[in-house]
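See below for target32.tsv, which holds TSV, C-alpha atoms.
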chain	number	residue	atom	x	y	z
J	109	MET	CA	-10.92	89.10	-63.95
J	110	PRO	CA	-7.86	91.38	-64.30
J	111	ARG	CA	-4.58	90.61	-62.54
J	112	PHE	CA	-2.78	93.32	-60.55
J	113	PHE	CA	0.82	93.20	-59.30
J	114	PHE	CA	1.91	94.89	-56.07
J	115	ASP	CA	5.58	95.91	-55.91
J	116	ILE	CA	6.85	96.98	-52.49
J	117	ASP	CA	9.59	99.49	-51.75
J	118	ASP	CA	10.46	99.84	-48.07
J	119	GLY	CA	14.13	100.56	-48.60
J	120	GLU	CA	14.42	97.29	-50.47
J	121	ARG	CA	12.53	96.84	-53.74
J	122	ILE	CA	10.42	93.67	-53.94
J	123	ARG	CA	8.78	92.93	-57.29
J	124	ASP	CA	5.52	90.96	-57.27
J	125	THR	CA	5.75	88.20	-59.88
J	126	GLU	CA	2.46	86.42	-59.12
J	127	GLY	CA	-0.11	89.19	-58.70
J	128	TYR	CA	-3.73	89.05	-57.58
J	129	GLU	CA	-6.91	88.64	-59.57
J	130	LEU	CA	-9.21	91.46	-58.47
J	131	PRO	CA	-12.53	92.69	-59.83
J	132	ASP	CA	-11.37	96.24	-60.68
J	133	LEU	CA	-9.00	99.15	-60.05
J	134	ASN	CA	-10.91	100.17	-56.91
J	135	ALA	CA	-10.22	96.78	-55.34
J	136	ALA	CA	-6.54	97.12	-56.28
J	137	ARG	CA	-6.46	100.61	-54.77
J	138	ALA	CA	-7.97	99.34	-51.50
J	139	LEU	CA	-5.51	96.44	-51.30
J	140	ALA	CA	-2.54	98.75	-52.00
J	141	GLN	CA	-3.68	101.16	-49.30
J	142	ARG	CA	-4.13	98.36	-46.76
J	143	ALA	CA	-0.73	96.86	-47.65
J	144	ALA	CA	1.05	100.22	-47.27
J	145	GLY	CA	-0.62	100.79	-43.90
J	146	GLU	CA	0.37	97.36	-42.62
J	147	LEU	CA	3.95	97.83	-43.83
J	148	VAL	CA	4.21	101.20	-42.07
J	149	ALA	CA	2.85	99.72	-38.83
J	150	HIS	CA	5.25	96.78	-39.02
J	151	GLU	CA	8.31	98.89	-39.84
J	152	LEU	CA	7.52	101.49	-37.15
J	153	GLN	CA	7.85	98.75	-34.54
J	154	LYS	CA	11.41	98.14	-35.73
J	155	THR	CA	12.77	101.59	-36.57
J	156	GLY	CA	10.50	104.34	-35.21
J	157	ALA	CA	10.31	106.07	-38.60
J	158	ILE	CA	9.50	104.71	-42.02
J	159	ARG	CA	8.45	105.46	-45.55
J	160	VAL	CA	7.06	102.74	-47.84
J	161	ARG	CA	5.59	102.64	-51.31
J	162	VAL	CA	3.39	100.04	-52.96
J	163	ASP	CA	3.28	100.33	-56.76
J	164	VAL	CA	0.41	98.61	-58.56
J	165	ARG	CA	1.04	97.34	-62.09
J	166	ASN	CA	-1.51	96.03	-64.55
J	167	GLU	CA	-1.17	92.89	-66.65
J	168	ASN	CA	0.90	94.83	-69.22
J	169	GLY	CA	3.45	95.74	-66.54
J	170	GLU	CA	2.42	99.42	-66.53
J	171	ARG	CA	2.36	101.18	-63.16
J	172	ILE	CA	-1.20	102.41	-62.71
J	173	LEU	CA	-1.09	103.71	-59.14
J	174	SER	CA	1.09	103.99	-56.06
J	175	ALA	CA	0.21	103.93	-52.37
J	176	LEU	CA	2.62	105.89	-50.20
J	177	GLY	CA	2.87	105.30	-46.48
J	178	HIS	CA	4.99	107.23	-44.05
J	179	GLY	CA	5.15	107.78	-40.36
J	180	ALA	CA	7.28	108.69	-37.41
J	181	VAL	CA	7.04	107.99	-33.74
J	182	SER	CA	8.26	110.63	-31.29
J	183	ILE	CA	8.82	109.96	-27.63
J	184	VAL	CA	7.49	112.97	-25.76
J	185	ALA	CA	8.03	113.64	-22.06
J	186	PRO	CA	5.29	114.88	-19.73
J	187	ALA	CA	4.29	118.55	-20.21
J	188	GLU	CA	6.28	119.83	-17.23
J	189	THR	CA	9.54	118.58	-18.77
J	190	LEU	CA	8.70	119.90	-22.23
J	191	ASP	CA	8.49	123.53	-21.18
J	192	GLY	CA	11.74	123.44	-19.23
J	193	THR	CA	10.15	123.78	-15.78
J	194	GLY	CA	10.48	120.19	-14.64
J	195	ALA	CA	13.37	118.80	-12.61
J	196	SER	CA	14.43	116.46	-15.37
J	197	SER	CA	15.04	119.36	-17.76
J	198	GLU	CA	18.03	120.45	-15.68
J	199	ALA	CA	19.65	117.03	-15.91
J	200	CYS	CA	19.01	116.67	-19.64
J	201	PRO	CA	18.27	119.95	-21.43
J	202	PRO	CA	16.24	119.69	-24.63
J	203	SER	CA	18.26	119.39	-27.81
J	204	PRO	CA	17.53	121.52	-30.88
J	205	LEU	CA	15.76	118.49	-32.39
J	206	ASP	CA	13.54	118.25	-29.30
J	207	TRP	CA	12.56	121.89	-29.74
J	208	ALA	CA	11.97	121.36	-33.47
J	209	THR	CA	9.71	118.42	-32.66
J	210	ARG	CA	7.66	120.47	-30.20
J	211	HIS	CA	7.25	123.34	-32.63
J	212	THR	CA	6.31	120.98	-35.46
J	213	ILE	CA	3.68	119.29	-33.28
J	214	ALA	CA	2.26	122.71	-32.38
J	215	ALA	CA	2.21	123.71	-36.05
J	216	GLY	CA	0.44	120.47	-36.90
J	217	ARG	CA	-2.25	121.12	-34.30
J	218	ALA	CA	-2.81	124.65	-35.62
J	219	ILE	CA	-3.02	123.40	-39.20
J	220	ASP	CA	-5.44	120.64	-38.17
J	221	GLU	CA	-7.72	123.27	-36.64
J	222	ASP	CA	-7.57	125.26	-39.88
J	223	GLY	CA	-8.16	122.15	-42.01
J	224	SER	CA	-5.54	122.93	-44.66
J	225	ALA	CA	-4.37	119.79	-46.44
J	226	SER	CA	-1.22	121.08	-48.15
J	227	PRO	CA	0.45	122.53	-45.02
J	228	ARG	CA	-0.49	119.35	-43.12
J	229	HIS	CA	1.42	117.31	-45.70
J	230	LEU	CA	4.46	119.55	-45.20
J	231	VAL	CA	4.25	119.16	-41.41
J	232	ASN	CA	4.08	115.37	-41.84
J	233	MET	CA	7.18	115.44	-44.04
J	234	LEU	CA	9.01	117.60	-41.49
J	235	MET	CA	8.05	115.23	-38.64
J	236	TYR	CA	9.32	112.31	-40.71
J	237	GLU	CA	12.68	113.99	-41.29
J	238	ILE	CA	13.02	115.04	-37.64
J	239	GLY	CA	12.21	111.46	-36.64
J	240	ARG	CA	14.95	110.17	-38.94
J	241	ALA	CA	17.46	112.62	-37.44
J	242	ILE	CA	16.51	111.58	-33.90
J	243	ALA	CA	16.76	107.90	-34.85
J	244	ARG	CA	20.25	108.49	-36.28
J	245	ARG	CA	21.23	110.24	-33.04
J	246	PHE	CA	20.09	107.23	-31.00
J	247	CYS	CA	21.88	104.81	-33.34
J	248	VAL	CA	25.16	106.69	-32.90
J	249	ALA	CA	24.70	106.72	-29.11
J	250	GLU	CA	23.95	102.98	-29.13
J	251	GLN	CA	27.05	102.23	-31.22
J	252	LYS	CA	29.21	104.22	-28.80
J	253	ARG	CA	27.67	102.37	-25.86
J	254	MET	CA	28.39	99.01	-27.49
J	255	LYS	CA	32.04	99.97	-28.13
J	256	VAL	CA	32.45	100.93	-24.46
J	257	GLU	CA	30.91	97.62	-23.37
J	258	LYS	CA	33.28	95.68	-25.65
J	259	ARG	CA	36.29	97.50	-24.17
J	260	GLU	CA	35.08	96.78	-20.63
J	261	ASP	CA	34.63	93.10	-21.51
J	262	ARG	CA	38.26	92.88	-22.67
J	263	VAL	CA	39.59	94.34	-19.41

I'd like the structure from this file rewritten - as structure tokens, please.
Amino acid sequence: MPRFFFDIDDGERIRDTEGYELPDLNAARALAQRAAGELVAHELQKTGAIRVRVDVRNENGERILSALGHGAVSIVAPAETLDGTGASSEACPPSPLDWATRHTIAAGRAIDEDGSASPRHLVNMLMYEIGRAIARRFCVAEQKRMKVEKREDRV
């Protein structure tokens, strides 16, 4: 039975040195797909946006396929706050990234209705990048909050 090696790249490259004996390439493909999906799900819990890759090598060390996983989680307010009519929109107006997220979601819905695969991939990539930008914004805000708390603790 052939041996397949599954290298993981989720921001940190992990090389598989033991591998798995599997009946064929289809079994390796299925395992790579499942591994990428599980990695995305796990990483989304931590960061809110992620991209992972699982490279499958054969016994000769040649890469024979790759499974790519990506995702983003957006926090979306109820509909009345999204269109600017709700009371909370006055206290916290939508940022340009919020508007970009809404438009990208709408574009994704329209593309899903049309059934076009290539534009859907582009929308997914855009959502991923918007998610990263939003995550960076929250990280900066959290760092500022922590600095303020440290100063207050010293006083």

Please report the interatomic distance between atom CA of Asp115 of chain J and atom CA of Leu234 of chain J in Å with one decimal.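 For atom CA of Asp115 of chain J relative to atom CA of Leu234 of chain J, the distance reads 26.3 Å.
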
Within 7 Å of (-9.1, 90.2, -59.2) (coordinates as in the file), grab all the protein and nucleic acid residues, counting all atoms listed in the file, and write them out as a VMD selection string. chain J and resid 109 to 111 128 to 132

Interatomic distance, atom CA of Leu176 of chain J to atom CA of Asp117 of chain J (Å, one decimal): 9.6 Å

Go through J:Ser224, J:Ile238, J:Gly169, J:Met233 and flag the residue nearest Pro204 of chain J, using all atoms listed in the file for the distances.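 Looking at the shortest contact to Pro204 of chain J, the residue is J:Ile238.
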
Atom CA of His211 of chain J and atom CA of Tyr236 of chain J, how far apart in Å? 13.8 Å

List the neighbours of Arg161 of chain J out to 7 Å using all atoms listed in the file; skip same-chain residues closer than 5 positions along the sequence, and give me the result as number ranges by chain. J: 116-118, 144, 174-177

Let's have the selection written as an mmCIF file, in the coordinates of the input, with C-alpha atoms.
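Saved result, again.cif, follows:
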data_model
loop_
_atom_site.group_PDB
_atom_site.id
_atom_site.type_symbol
_atom_site.label_atom_id
_atom_site.label_comp_id
_atom_site.auth_asym_id
_atom_site.auth_seq_id
_atom_site.Cartn_x
_atom_site.Cartn_y
_atom_site.Cartn_z
ATOM 1 C CA ILE J 116 6.850 96.980 -52.490
ATOM 2 C CA ASP J 117 9.590 99.490 -51.750
ATOM 3 C CA ASP J 118 10.460 99.840 -48.070
ATOM 4 C CA ALA J 144 1.050 100.220 -47.270
ATOM 5 C CA SER J 174 1.090 103.990 -56.060
ATOM 6 C CA ALA J 175 0.210 103.930 -52.370
ATOM 7 C CA LEU J 176 2.620 105.890 -50.200
ATOM 8 C CA GLY J 177 2.870 105.300 -46.480
#

List the neighbours of Phe114 of chain J out to 12 Å using all atoms listed in the file; skip same-chain residues closer than 2 positions along the sequence, and give me the result as a PDB file with C-alpha atoms, in the frame of the given file.
ATOM      1  CA  ARG J 111      -4.580  90.610 -62.540  1.00  0.00           C
ATOM      2  CA  PHE J 112      -2.780  93.320 -60.550  1.00  0.00           C
ATOM      3  CA  ILE J 116       6.850  96.980 -52.490  1.00  0.00           C
ATOM      4  CA  ASP J 117       9.590  99.490 -51.750  1.00  0.00           C
ATOM      5  CA  ARG J 121      12.530  96.840 -53.740  1.00  0.00           C
ATOM      6  CA  ILE J 122      10.420  93.670 -53.940  1.00  0.00           C
ATOM      7  CA  ARG J 123       8.780  92.930 -57.290  1.00  0.00           C
ATOM      8  CA  ASP J 124       5.520  90.960 -57.270  1.00  0.00           C
ATOM      9  CA  THR J 125       5.750  88.200 -59.880  1.00  0.00           C
ATOM     10  CA  GLU J 126       2.460  86.420 -59.120  1.00  0.00           C
ATOM     11  CA  GLY J 127      -0.110  89.190 -58.700  1.00  0.00           C
ATOM     12  CA  TYR J 128      -3.730  89.050 -57.580  1.00  0.00           C
ATOM     13  CA  GLU J 129      -6.910  88.640 -59.570  1.00  0.00           C
ATOM     14  CA  LEU J 130      -9.210  91.460 -58.470  1.00  0.00           C
ATOM     15  CA  ALA J 136      -6.540  97.120 -56.280  1.00  0.00           C
ATOM     16  CA  ARG J 137      -6.460 100.610 -54.770  1.00  0.00           C
ATOM     17  CA  ALA J 138      -7.970  99.340 -51.500  1.00  0.00           C
ATOM     18  CA  LEU J 139      -5.510  96.440 -51.300  1.00  0.00           C
ATOM     19  CA  ALA J 140      -2.540  98.750 -52.000  1.00  0.00           C
ATOM     20  CA  GLN J 141      -3.680 101.160 -49.300  1.00  0.00           C
ATOM     21  CA  ARG J 142      -4.130  98.360 -46.760  1.00  0.00           C
ATOM     22  CA  ALA J 143      -0.730  96.860 -47.650  1.00  0.00           C
ATOM     23  CA  ALA J 144       1.050 100.220 -47.270  1.00  0.00           C
ATOM     24  CA  ARG J 161       5.590 102.640 -51.310  1.00  0.00           C
ATOM     25  CA  VAL J 162       3.390 100.040 -52.960  1.00  0.00           C
ATOM     26  CA  ASP J 163       3.280 100.330 -56.760  1.00  0.00           C
ATOM     27  CA  VAL J 164       0.410  98.610 -58.560  1.00  0.00           C
ATOM     28  CA  ARG J 165       1.040  97.340 -62.090  1.00  0.00           C
ATOM     29  CA  ASN J 166      -1.510  96.030 -64.550  1.00  0.00           C
ATOM     30  CA  GLU J 167      -1.170  92.890 -66.650  1.00  0.00           C
ATOM     31  CA  GLY J 169       3.450  95.740 -66.540  1.00  0.00           C
ATOM     32  CA  GLU J 170       2.420  99.420 -66.530  1.00  0.00           C
ATOM     33  CA  ARG J 171       2.360 101.180 -63.160  1.00  0.00           C
ATOM     34  CA  ILE J 172      -1.200 102.410 -62.710  1.00  0.00           C
ATOM     35  CA  LEU J 173      -1.090 103.710 -59.140  1.00  0.00           C
ATOM     36  CA  SER J 174       1.090 103.990 -56.060  1.00  0.00           C
ATOM     37  CA  ALA J 175       0.210 103.930 -52.370  1.00  0.00           C
TER      38      ALA J 175
END

At a cut-off of 12 Å, using only C-alpha atoms, what residues contact Ala218 of chain J? Leave out same-chain residues fewer than 5 positions from it and give the result as a PDB file with C-alpha atoms, in the frame of the given file.
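File result_19.pdb, as written:
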ATOM      1  CA  HIS J 211       7.250 123.340 -32.630  1.00  0.00           C
ATOM      2  CA  THR J 212       6.310 120.980 -35.460  1.00  0.00           C
ATOM      3  CA  ILE J 213       3.680 119.290 -33.280  1.00  0.00           C
ATOM      4  CA  GLY J 223      -8.160 122.150 -42.010  1.00  0.00           C
ATOM      5  CA  SER J 224      -5.540 122.930 -44.660  1.00  0.00           C
ATOM      6  CA  ALA J 225      -4.370 119.790 -46.440  1.00  0.00           C
ATOM      7  CA  PRO J 227       0.450 122.530 -45.020  1.00  0.00           C
ATOM      8  CA  ARG J 228      -0.490 119.350 -43.120  1.00  0.00           C
ATOM      9  CA  VAL J 231       4.250 119.160 -41.410  1.00  0.00           C
TER      10      VAL J 231
END

Of the candidates J:Asn168, J:Ala135, J:Phe113, J:His178, which shows the shortest atom-to-atom distance to Val148 of chain J, using all atoms listed in the file? J:His178

Counting only C-alpha atoms, the option among J:Glu146, J:Lys252, J:Glu221, J:Glu237 closest to Ala208 of chain J: J:Glu237

Using all atoms listed in the file, find all polymer residues with an atom at most 10 Å away from the point (16.4, 114.4, -34.8); report them as a PyMOL selection string. chain J and resi 182+203-209+235-246
